[in-house]
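A quick write-up on the structure given underneath.
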Amino acid sequence: MSAHILVVEDEVDIAELIAFNLERQGWRTTLVHHGAEAVEQIRALLPDLVILDIMLPGMDGLQIFRSMKESALTAKIPALFLTARAQLEDRLAGLSLGADDYMTKPFSPKELVLRVRNILSRCDSASSQQLLVRGGKLVLDKNDFSVTLAGEPLELTTAEFRLLAYLMERPGKVQDRYKLQTALFGYADTTQSRTLDTHIKRLRQKLGAYATCIGTERGAGYYFVKD
């Protein structure tokens, strides 16, 4: 079955442009133009991906995304922010909440399709693998997207989980910024450098006393410390 994508965009012409380009790829779309309605539709339809504007009537995109994360039913649904708010602070706010990607308007439909395909491909790959990844006191289950530390559950965002999994699967090997950005976002550019550092910082904070399992190679990148 083709992927079902929910587009939350209050400007009807932009929403229809997005839907037209996505449907040309064989994906199904549902359009929503109001923030409060979006929350209801996400819970009712359980789409494979949500494309979210930030500035919406009724409830903004960040609030909608937070509500998704608060429900076990919708917490794992990937989201891409597509918005006119291009400030770095807005980008970091969206990504730090666990969003999978962030695009600013005006946008290229071809680039949007590419990013959507990357997100769906990553999700398909993750869901097809029944894997446990172990590293010291950490156990990462790629089947149900859970992590335990010394037997206790560790709450991570989608981006933090993906980053930790990538490092744990390559213990002792320094991963440069390009590789890590591509693993997280499906592409890499210089504007993501600070975002990557933010994810690493937040991940280490959640690991607490075990934060030293993520090492830094100055000028090179990050690595998972071998046992």
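Ordering of the structure tokens sets the chain letters (A, B, ...), residue numbers begin anew at 1 in every chain, and ligands are numbered from 1 in the order given.
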Residues within 12 Å of Gly208 of chain A, please, as a compact mmCIF listing (two decimals) with all heavy atoms, in the first residue's frame. Count only C-alpha atoms; anything in the same chain fewer than 6 positions from it doesn't count.
# COMPACT_ATOMS: atom_id res chain seq x y z
N LEU A 149 18.65 1.87 29.69
CA LEU A 149 19.97 2.14 30.25
C LEU A 149 20.00 1.50 31.63
O LEU A 149 19.23 1.87 32.51
CB LEU A 149 20.21 3.65 30.36
CG LEU A 149 21.49 4.10 31.06
CD1 LEU A 149 22.72 3.51 30.39
CD2 LEU A 149 21.56 5.62 31.10
N ALA A 150 20.85 0.50 31.78
CA ALA A 150 20.93 -0.28 33.03
C ALA A 150 19.57 -0.83 33.41
O ALA A 150 19.20 -0.85 34.58
CB ALA A 150 21.50 0.58 34.15
N LEU A 154 14.74 4.68 28.60
CA LEU A 154 15.30 5.99 28.32
C LEU A 154 14.43 6.64 27.23
O LEU A 154 14.26 6.08 26.15
CB LEU A 154 16.74 5.84 27.83
CG LEU A 154 17.61 7.09 27.76
CD1 LEU A 154 17.83 7.66 29.15
CD2 LEU A 154 18.95 6.75 27.10
N LYS A 201 24.32 17.07 22.44
CA LYS A 201 24.26 17.62 23.79
C LYS A 201 23.06 17.09 24.55
O LYS A 201 23.17 16.66 25.71
CB LYS A 201 24.21 19.15 23.73
CG LYS A 201 24.14 19.82 25.09
CD LYS A 201 24.08 21.33 24.95
CE LYS A 201 23.96 22.01 26.31
NZ LYS A 201 23.88 23.50 26.17
N ARG A 202 21.88 17.09 23.90
CA ARG A 202 20.66 16.63 24.56
C ARG A 202 20.73 15.13 24.85
O ARG A 202 20.26 14.65 25.88
CB ARG A 202 19.44 16.96 23.70
CG ARG A 202 19.13 18.44 23.63
CD ARG A 202 17.94 18.70 22.70
NE ARG A 202 17.63 20.11 22.61
CZ ARG A 202 16.84 20.77 23.44
NH1 ARG A 202 16.26 20.13 24.44
NH2 ARG A 202 16.61 22.06 23.28
N ILE A 214 29.58 8.44 24.55
CA ILE A 214 29.67 9.15 23.28
C ILE A 214 30.90 10.03 23.32
O ILE A 214 30.97 11.01 24.07
CB ILE A 214 28.41 10.00 23.01
CG1 ILE A 214 27.18 9.11 22.93
CG2 ILE A 214 28.58 10.80 21.72
CD1 ILE A 214 25.89 9.87 22.70
Using only C-alpha atoms, which protein or nucleic acid residues come within 12 Å of Glu16 of chain A? Drop anything in the same chain fewer than 6 positions from it, and give the result as an MDAnalysis selection string. chainID A and resid 6:10 22:23 29:33 109
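The nearest approach to Arg43 of chain A among the residues A:Thr158, A:Thr74, A:Thr104, A:Asn143, with only C-alpha atoms taken into account, belongs to A:Thr74.
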May I have the residues within 12 Å of Glu152 of chain A as a PyMOL selection string, using only C-alpha atoms and disregarding those fewer than 2 positions away in the same chain? chain A and resi 137-140+146-150+154-155+207
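Nearest-residue note for Gln63 of chain A: choosing from A:Gly35, A:Gln41, A:Asp176, A:Pro78, the minimum distance belongs to A:Gly35, counting only C-alpha atoms.
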Between A:Phe145, A:Tyr166, A:Phe107, A:Tyr102, which one has atoms that come closest to Cys123 of chain A, using only C-alpha atoms? A:Phe145
Please run DSSP on the backbone and report, as a PyMOL selection string, all residues within segment 35-100 of chain A that come out as strand (DSSP E or B). chain A and resi 49-52+79-83
Using only N, CA, C and O atoms, please write the residues we just selected to a file, as a short mmCIF file (atom, residue, chain, number, x, y, z; two decimals), in the first residue's frame.
data_model
loop_
_atom_site.label_atom_id
_atom_site.label_comp_id
_atom_site.auth_asym_id
_atom_site.auth_seq_id
_atom_site.Cartn_x
_atom_site.Cartn_y
_atom_site.Cartn_z
N LEU A 49 3.30 9.91 7.46
CA LEU A 49 4.12 11.12 7.60
C LEU A 49 3.18 12.32 7.71
O LEU A 49 2.12 12.35 7.07
N VAL A 50 3.59 13.31 8.51
CA VAL A 50 2.85 14.56 8.62
C VAL A 50 3.75 15.70 8.16
O VAL A 50 4.89 15.82 8.63
N ILE A 51 3.27 16.51 7.21
CA ILE A 51 3.96 17.72 6.79
C ILE A 51 3.25 18.88 7.48
O ILE A 51 2.06 19.11 7.26
N LEU A 52 3.99 19.63 8.31
CA LEU A 52 3.40 20.63 9.19
C LEU A 52 3.89 22.04 8.89
O LEU A 52 5.10 22.30 8.88
N ALA A 79 7.56 13.55 11.16
CA ALA A 79 7.02 14.86 10.77
C ALA A 79 8.09 15.69 10.09
O ALA A 79 9.27 15.66 10.46
N LEU A 80 7.65 16.44 9.10
CA LEU A 80 8.50 17.39 8.38
C LEU A 80 7.86 18.76 8.50
O LEU A 80 6.72 18.95 8.11
N PHE A 81 8.60 19.73 9.06
CA PHE A 81 8.09 21.10 9.13
C PHE A 81 8.37 21.82 7.82
O PHE A 81 9.49 21.78 7.31
N LEU A 82 7.34 22.47 7.28
CA LEU A 82 7.46 23.24 6.04
C LEU A 82 6.85 24.60 6.33
O LEU A 82 5.62 24.73 6.41
N THR A 83 7.69 25.62 6.49
CA THR A 83 7.19 26.88 7.02
C THR A 83 7.96 28.08 6.49
O THR A 83 9.09 27.95 6.01
#
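Distances from A:Asp141, A:Asn21, A:Ala3, A:Leu180 to Ser108 of chain A were compared using only C-alpha atoms, and the smallest one belongs to A:Asn21.
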Within 12 Å of Arg218 of chain A using only C-alpha atoms, minus same-chain residues under 5 positions, as a count of residues only: 5
For Pro106 of chain A, the closest of A:Ile14, A:Leu62, A:Ala36, A:Ala211 counting only C-alpha atoms is A:Ile14
Quick one: DSSP helix (DSSP H, G or I) residues in segment 110-211 of chain A, as a PyMOL selection string? chain A and resi 110-128+158-168+177-185+190-211
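Proximity of A:Gly215, A:Gly136, A:Gly26, A:Pro153 to Gly172 of chain A, computed with only C-alpha atoms, is greatest for A:Gly215.
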Expressed in Å, the length from atom CA of Leu120 of chain A to atom CA of Glu37 of chain A is 23.8 Å
